[in-house]
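Worksheet: one structure, shown below.
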Amino acid sequence: MNRGLLIVISGPSGVGKGTVIGMLMKNDKNVGYSVSSTTRLPREGEIDGVHYDFITAKQFKSDIENDRMLEYTVYCDNYYGTNADKVERLRAEGKDVILEIETQGAANIKRKCPDAVTVFIAPPTFDDLKKRLSGRGTEPPQVIEKRVRKAREELEKSDMYEYVVINDDAVRAADDLCAIIRAERIKKNNKFIF
């Protein structure tokens with residue numbers, strides 16, 4: 001059995017990463033999603049273990065100390081990270097694993113796992129992104145402003161990714177992501193030994 005790909009997907013808050021990934025996973029049953037851990041509170045409609053593993057700061061720090069995090073970072077005053085055992089288990093089963101993480105985490109993953117495929121999901125324009133963030137209505141204005149500042153920083157780092165997908169249409173963006181994964185599978189699985 002072939003070891004699965006590790007696909008790192010980043011993009012600013014509000015760009016529609018979850019929507020695009022959801023569409024991809026509906027169409028490609030070999031793709032598994034590694035649910036990240038976070039210390040932030042769930043938003044309305046988010047389910048523990050589905051959208052994130054919502055854990056306490058104490059538990060998160062314990063996971064860091066015991067080397068159970070493949071990567072982690074602090075983003076807008078909350079911890080976010082990837083459980084190393086979950087990722088390894090899926091890849092060993094031949095599943096391609098998607099990690100939805102921010103830019104610092106992506107850089108850390110690429111250092112630890114040079115075979116990781118990196119994809120940045122970008123908005124059509126920065127103004128579109130600002131409208132999406134404020135249109136959610138899930139956070140107070142000061143949090144939205146913090147996310148807008150962070151989004152600008154993240155967009156400036158998009159050139160460190162192998163691929164950039166513009167999410168001006170979620171269906172097309174999901175198709176682009178699917179094409180990237182198919183191409184990477186072909187590249188990985190068609191190495192001949194002579």
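So you can find residues: chains in the structure tokens are A, B, ... in the order shown, residues in each start at 1, and ligands are numbered from 1 in order.
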
Alpha helix (DSSP H) per DSSP on the backbone: members of stretch 25-160 of chain A, as a ChimeraX atom specification: /A:25-27,57-65,84-92,103-112,126-135,141-155

Could you give me, as a Markdown table, a per-residue list for stretch 66-137 of chain A showing, wherever an atom lies at most 9 Å from an atom of stretch 142-166 of chain A, the closest pair of atoms and their distance in Å to one decimal, using only C-alpha atoms and sorting by chain then residue number from low to high?
| residue | atom | partner | partner_atom | distance |
| --- | --- | --- | --- | --- |
| A:Tyr75 | CA | A:Lys150 | CA | 8.7 |
| A:Cys76 | CA | A:Lys146 | CA | 7.2 |
| A:Glu102 | CA | A:Glu154 | CA | 7.8 |
| A:Thr103 | CA | A:Glu154 | CA | 6.4 |
| A:Gln104 | CA | A:Glu154 | CA | 9.0 |
| A:Ala106 | CA | A:Tyr161 | CA | 8.8 |
| A:Ala107 | CA | A:Met160 | CA | 8.2 |
| A:Val117 | CA | A:Glu162 | CA | 7.0 |
| A:Thr118 | CA | A:Tyr161 | CA | 5.2 |
| A:Val119 | CA | A:Tyr163 | CA | 4.7 |
| A:Phe120 | CA | A:Val164 | CA | 4.7 |
| A:Ile121 | CA | A:Val165 | CA | 4.9 |
| A:Ala122 | CA | A:Ile166 | CA | 4.8 |
| A:Pro123 | CA | A:Ile166 | CA | 5.7 |
| A:Pro124 | CA | A:Ile166 | CA | 5.9 |
| A:Phe126 | CA | A:Arg152 | CA | 7.9 |
| A:Leu129 | CA | A:Val148 | CA | 8.2 |
| A:Lys130 | CA | A:Val148 | CA | 6.5 |
| A:Leu133 | CA | A:Ile144 | CA | 6.5 |
| A:Ser134 | CA | A:Ile144 | CA | 6.5 |

List as number ranges by chain the protein and nucleic acid residues near A:Val35, meaning an atom at most 8 Å away when only C-alpha atoms are counted, but skip any in the same chain fewer than 4 places from it. A: 49-53, 82, 99

Can you work out which one of A:Cys178, A:Ala170, A:Ile109, A:Met69 has the shortest atom-to-atom distance to A:Leu6, counting only C-alpha atoms?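 Closest candidate: A:Ile109.
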
How would you write, as a list in words, the set of residues in stretch 88-133 of chain A that DSSP gives as strand (DSSP E)?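 Matching residues, listed in order: Asp96, Val97, Ile98, Leu99, Glu100, Val117, Thr118, Val119, Phe120, Ile121 and Ala122 of chain A.
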
Could you save those same residues with C-alpha atoms as a PDB file, in the first residue's frame?
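Saved result, part.pdb, follows:
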ATOM      1  CA  ASP A  96      -4.038  11.475   1.753  1.00  0.00           C
ATOM      2  CA  VAL A  97      -4.222  13.792   4.748  1.00  0.00           C
ATOM      3  CA  ILE A  98      -5.271  17.421   4.585  1.00  0.00           C
ATOM      4  CA  LEU A  99      -4.012  19.791   7.252  1.00  0.00           C
ATOM      5  CA  GLU A 100      -5.751  23.148   7.353  1.00  0.00           C
ATOM      6  CA  VAL A 117       2.334  19.475  -0.675  1.00  0.00           C
ATOM      7  CA  THR A 118       1.533  23.108   0.165  1.00  0.00           C
ATOM      8  CA  VAL A 119      -1.520  24.987  -1.139  1.00  0.00           C
ATOM      9  CA  PHE A 120      -2.578  28.542  -0.309  1.00  0.00           C
ATOM     10  CA  ILE A 121      -6.256  29.474  -0.738  1.00  0.00           C
ATOM     11  CA  ALA A 122      -6.523  33.194  -1.530  1.00  0.00           C
TER      12      ALA A 122
END

Name the residues in contact with stretch 15-25 of chain A at a cut-off of 8 Å, using only C-alpha atoms, excluding same-chain residues fewer than 2 positions from it; report them as a ChimeraX atom specification. /A:9-13,27-29,31-32,100,121-123,129,132,167,170-171,173-175,177-178

Could you save those same residues with C-alpha atoms as a PDB file, in the first residue's frame?
ATOM      1  CA  ILE A   9      -3.723  24.055   3.085  1.00  0.00           C
ATOM      2  CA  SER A  10      -3.511  27.606   4.381  1.00  0.00           C
ATOM      3  CA  GLY A  11      -5.269  30.864   3.749  1.00  0.00           C
ATOM      4  CA  PRO A  12      -6.620  33.781   5.695  1.00  0.00           C
ATOM      5  CA  SER A  13      -9.640  33.507   7.951  1.00  0.00           C
ATOM      6  CA  ASN A  27     -15.620  13.945  -4.369  1.00  0.00           C
ATOM      7  CA  ASP A  28     -12.425  12.158  -3.277  1.00  0.00           C
ATOM      8  CA  LYS A  29     -12.886   9.402  -0.710  1.00  0.00           C
ATOM      9  CA  VAL A  31      -8.663  12.192   1.287  1.00  0.00           C
ATOM     10  CA  GLY A  32      -8.775  12.292   5.071  1.00  0.00           C
ATOM     11  CA  GLU A 100      -5.751  23.148   7.353  1.00  0.00           C
ATOM     12  CA  ILE A 121      -6.256  29.474  -0.738  1.00  0.00           C
ATOM     13  CA  ALA A 122      -6.523  33.194  -1.530  1.00  0.00           C
ATOM     14  CA  PRO A 123      -9.461  35.572  -1.964  1.00  0.00           C
ATOM     15  CA  LEU A 129     -11.993  39.061   2.229  1.00  0.00           C
ATOM     16  CA  ARG A 132     -16.567  38.038   4.183  1.00  0.00           C
ATOM     17  CA  ASN A 167     -11.377  31.146  -4.276  1.00  0.00           C
ATOM     18  CA  ALA A 170     -15.861  27.499  -4.488  1.00  0.00           C
ATOM     19  CA  VAL A 171     -16.685  24.791  -7.055  1.00  0.00           C
ATOM     20  CA  ALA A 173     -11.454  26.222  -6.400  1.00  0.00           C
ATOM     21  CA  ALA A 174     -12.331  22.688  -5.237  1.00  0.00           C
ATOM     22  CA  ASP A 175     -11.751  21.398  -8.791  1.00  0.00           C
ATOM     23  CA  LEU A 177      -7.437  21.546  -5.498  1.00  0.00           C
ATOM     24  CA  CYS A 178      -8.556  18.131  -6.759  1.00  0.00           C
TER      25      CYS A 178
END

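Proximity ranking of A:Glu184, A:Thr56, A:Arg68, A:Lys61 relative to A:Lys86 places A:Arg68 first, based on only C-alpha atoms.
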